[in-house]
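Only one structure is covered here, and it is reproduced in the block below.
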Amino acid sequence: MAQALLQRRLHCERGGTGEGYRVLSAGLFAGDGHPASPDAIMVMGEIGLDLTAHSSVQLNPSLVKQADLILTMTNDQRSYVLQRYPEKADCTFTLNEFTGDLSSEVVDPYGLGLNAYRACSAQLRILVDELFHIIIESKMR
């Protein structure tokens, strides 16, 4: 969901192209090639984003090597990434940490029902907006 939200923001705000940015989503334990959950598809559809073509990708050394920034939903996920890829410590953060909100984490809604997906989507929209501003401001320096 975060990937779709950020891609839309970059596309809309950066002259319709999102040029210069590559946004990827990768799961820590998800296998490759799985569709988005029906609840994620429904919730993103409610705000005009289509996840029906989404296909999961598992985090792998190639993706990590290419990454300029790695953002996780939780501290445990961040720790997992850092245990496997300590060389990426300087560019691996939770989404909340990177955007300056140290008070919470993004709860993974998987298996928790439609209301959990809606709550996650609302939280992600706020965090992605802040992330967008941080990324764009850093490019202007």
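Ordered as shown in the structure tokens, chains take letters A, B, and onward, while each chain numbers its residues from 1 and ligands are numbered from 1 in the order shown.
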message: I'd like the neighbourhood of A:Gln58 as a ChimeraX atom specification, where a residue qualifies if any of its atoms comes within 8 Å (using only C-alpha atoms), though same-chain residues fewer than 2 positions away should be ignored.
response: /A:26-32,56,60
query: Which neighbours of A:Phe132 fall inside 12 Å, counting only C-alpha atoms, when residues of the same chain fewer than 6 positions from it are skipped, and could you give them as JSON, numbers by chain?
result: {"A": [2, 3, 5, 6, 7, 8, 9, 10, 11, 12, 13, 14, 18, 21, 23, 95, 98, 99, 124, 125, 126, 138, 139]}
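Each of A:Asp90, A:Asp39, A:Glu97, A:Asp76 was compared to A:Gly111 using only C-alpha atoms, and A:Asp39 turns out to be the nearest.
For A:Gln123, the residues within 12 Å (counting only C-alpha atoms, excluding itself and residues fewer than 6 positions away along the chain) are Met1, Ala2, Leu5, Met73, Leu95, Asn96, Asp101, Ser104, Glu105, Val106, Val107, Asp108, Pro109, Ala116, Tyr117, Asp129 and Glu130 of chain A.
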Same residues, C-alpha atoms, saved as a PDB file, in the first residue's frame:
ATOM      1  CA  MET A   1       0.000   0.000   0.000  1.00  0.00           C
ATOM      2  CA  ALA A   2       2.825   2.399   0.870  1.00  0.00           C
ATOM      3  CA  LEU A   5       0.720   5.747  -2.272  1.00  0.00           C
ATOM      4  CA  MET A  73       6.820  -0.796   9.057  1.00  0.00           C
ATOM      5  CA  LEU A  95       8.822   4.674   8.217  1.00  0.00           C
ATOM      6  CA  ASN A  96       7.823   6.399  11.453  1.00  0.00           C
ATOM      7  CA  ASP A 101       7.345  10.086  14.596  1.00  0.00           C
ATOM      8  CA  SER A 104       4.451   4.390  17.015  1.00  0.00           C
ATOM      9  CA  GLU A 105       4.844   1.816  14.290  1.00  0.00           C
ATOM     10  CA  VAL A 106       2.729   0.867  11.307  1.00  0.00           C
ATOM     11  CA  VAL A 107       0.700  -2.180  12.271  1.00  0.00           C
ATOM     12  CA  ASP A 108       0.700  -4.880   9.606  1.00  0.00           C
ATOM     13  CA  PRO A 109      -3.000  -5.407   8.856  1.00  0.00           C
ATOM     14  CA  ALA A 116      -7.379  -2.836  10.091  1.00  0.00           C
ATOM     15  CA  TYR A 117      -6.522  -2.220   6.439  1.00  0.00           C
ATOM     16  CA  ASP A 129       2.956  12.590   2.634  1.00  0.00           C
ATOM     17  CA  GLU A 130       5.671  13.404   5.171  1.00  0.00           C
TER      18      GLU A 130
END
task: Would you mind writing down, as a PyMOL selection string, each residue of chain A that DSSP on the backbone assigns to alpha helix (DSSP H)?
output: chain A and resi 2-13+38-46+61-66+75-84+95-98+114-140
Produce a file of the selected residues containing C-alpha atoms, as a PDB file, in the first residue's frame.
ATOM      1  CA  ALA A   2       2.825   2.399   0.870  1.00  0.00           C
ATOM      2  CA  GLN A   3       4.465   1.756  -2.489  1.00  0.00           C
ATOM      3  CA  ALA A   4       1.286   2.639  -4.378  1.00  0.00           C
ATOM      4  CA  LEU A   5       0.720   5.747  -2.272  1.00  0.00           C
ATOM      5  CA  LEU A   6       4.253   7.053  -2.784  1.00  0.00           C
ATOM      6  CA  GLN A   7       4.261   6.243  -6.492  1.00  0.00           C
ATOM      7  CA  ARG A   8       1.015   8.170  -6.930  1.00  0.00           C
ATOM      8  CA  ARG A   9       2.402  11.122  -4.997  1.00  0.00           C
ATOM      9  CA  LEU A  10       5.611  11.194  -7.013  1.00  0.00           C
ATOM     10  CA  HIS A  11       3.693  10.837 -10.272  1.00  0.00           C
ATOM     11  CA  CYS A  12       1.226  13.623  -9.453  1.00  0.00           C
ATOM     12  CA  GLU A  13       3.697  16.044  -7.909  1.00  0.00           C
ATOM     13  CA  PRO A  38      -8.345  -8.745  -1.207  1.00  0.00           C
ATOM     14  CA  ASP A  39      -8.686  -6.297   1.703  1.00  0.00           C
ATOM     15  CA  ALA A  40      -5.689  -4.249   0.499  1.00  0.00           C
ATOM     16  CA  ILE A  41      -7.128  -4.189  -3.014  1.00  0.00           C
ATOM     17  CA  MET A  42     -10.490  -3.003  -1.692  1.00  0.00           C
ATOM     18  CA  VAL A  43      -9.085  -0.309   0.617  1.00  0.00           C
ATOM     19  CA  MET A  44      -6.738   1.098  -2.000  1.00  0.00           C
ATOM     20  CA  GLY A  45      -9.564   0.992  -4.536  1.00  0.00           C
ATOM     21  CA  GLU A  46     -11.592   3.201  -2.208  1.00  0.00           C
ATOM     22  CA  PRO A  61      20.427  -9.172  -1.653  1.00  0.00           C
ATOM     23  CA  SER A  62      20.071  -7.641  -5.117  1.00  0.00           C
ATOM     24  CA  LEU A  63      17.250  -5.319  -4.036  1.00  0.00           C
ATOM     25  CA  VAL A  64      19.095  -4.360  -0.876  1.00  0.00           C
ATOM     26  CA  LYS A  65      22.291  -3.592  -2.770  1.00  0.00           C
ATOM     27  CA  GLN A  66      20.419  -1.233  -5.130  1.00  0.00           C
ATOM     28  CA  ASN A  75      11.196  -1.962  14.615  1.00  0.00           C
ATOM     29  CA  ASP A  76      11.325  -5.763  14.451  1.00  0.00           C
ATOM     30  CA  GLN A  77      11.374  -5.616  10.653  1.00  0.00           C
ATOM     31  CA  ARG A  78      14.139  -3.006  10.773  1.00  0.00           C
ATOM     32  CA  SER A  79      16.160  -5.252  13.105  1.00  0.00           C
ATOM     33  CA  TYR A  80      15.622  -8.201  10.783  1.00  0.00           C
ATOM     34  CA  VAL A  81      16.942  -6.231   7.799  1.00  0.00           C
ATOM     35  CA  LEU A  82      19.936  -4.947   9.757  1.00  0.00           C
ATOM     36  CA  GLN A  83      20.870  -8.428  11.004  1.00  0.00           C
ATOM     37  CA  ARG A  84      21.076  -9.642   7.422  1.00  0.00           C
ATOM     38  CA  LEU A  95       8.822   4.674   8.217  1.00  0.00           C
ATOM     39  CA  ASN A  96       7.823   6.399  11.453  1.00  0.00           C
ATOM     40  CA  GLU A  97      11.443   6.915  12.487  1.00  0.00           C
ATOM     41  CA  PHE A  98      12.391   8.419   9.121  1.00  0.00           C
ATOM     42  CA  LEU A 114     -10.972  -4.626   6.441  1.00  0.00           C
ATOM     43  CA  ASN A 115     -11.036  -2.122   9.318  1.00  0.00           C
ATOM     44  CA  ALA A 116      -7.379  -2.836  10.091  1.00  0.00           C
ATOM     45  CA  TYR A 117      -6.522  -2.220   6.439  1.00  0.00           C
ATOM     46  CA  ARG A 118      -8.421   1.063   6.505  1.00  0.00           C
ATOM     47  CA  ALA A 119      -6.586   2.163   9.654  1.00  0.00           C
ATOM     48  CA  CYS A 120      -3.255   1.167   8.124  1.00  0.00           C
ATOM     49  CA  SER A 121      -4.084   3.022   4.924  1.00  0.00           C
ATOM     50  CA  ALA A 122      -4.948   6.182   6.845  1.00  0.00           C
ATOM     51  CA  GLN A 123      -1.699   5.995   8.795  1.00  0.00           C
ATOM     52  CA  LEU A 124       0.322   5.307   5.651  1.00  0.00           C
ATOM     53  CA  ARG A 125      -1.222   8.256   3.791  1.00  0.00           C
ATOM     54  CA  ILE A 126      -0.011  10.612   6.539  1.00  0.00           C
ATOM     55  CA  LEU A 127       3.451   9.051   6.706  1.00  0.00           C
ATOM     56  CA  VAL A 128       3.864   8.911   2.921  1.00  0.00           C
ATOM     57  CA  ASP A 129       2.956  12.590   2.634  1.00  0.00           C
ATOM     58  CA  GLU A 130       5.671  13.404   5.171  1.00  0.00           C
ATOM     59  CA  LEU A 131       8.106  11.044   3.439  1.00  0.00           C
ATOM     60  CA  PHE A 132       7.404  12.750   0.124  1.00  0.00           C
ATOM     61  CA  HIS A 133       8.211  16.163   1.562  1.00  0.00           C
ATOM     62  CA  ILE A 134      11.438  14.908   3.159  1.00  0.00           C
ATOM     63  CA  ILE A 135      12.621  13.281  -0.077  1.00  0.00           C
ATOM     64  CA  ILE A 136      11.772  16.287  -2.240  1.00  0.00           C
ATOM     65  CA  GLU A 137      13.336  18.739   0.213  1.00  0.00           C
ATOM     66  CA  SER A 138      16.547  16.689   0.345  1.00  0.00           C
ATOM     67  CA  LYS A 139      16.739  16.764  -3.472  1.00  0.00           C
ATOM     68  CA  MET A 140      16.486  20.570  -3.429  1.00  0.00           C
TER      69      MET A 140
END
- prompt: When you draw a straight line from atom CA of A:Val57 to atom CA of A:Ser25, how long is it in Å?
  reply: 7.1 Å
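Note that the spacing between atom CA of A:Asp68 and atom CA of A:Pro86 amounts to 14.0 Å.
Put simply, atom CA of A:Arg22 is 10.6 Å away from atom CA of A:Leu69.
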- request: Report the residues of chain A whose backbone DSSP state falls under strand (DSSP E), written as a VMD selection string.
  value: chain A and resid 70 to 72 92 to 94
task: Within 8 Å of A:Pro35, counting only C-alpha atoms, which residues show up once you throw out same-chain ones fewer than 5 positions away? Write them as a ChimeraX atom specification, please.
output: /A:52-56
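The smallest atom-to-atom distance between A:Phe93 and any of A:Leu112, A:Leu59, A:Ile70, A:Ala36, using only C-alpha atoms, is found for A:Ile70.
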- prompt: Contacts of A:Thr94 at 6 Å or less, counting only C-alpha atoms, minus same-chain residues fewer than 5 places along, as a list in words?
  reply: Leu71, Thr72, Met73 and Thr74 of chain A
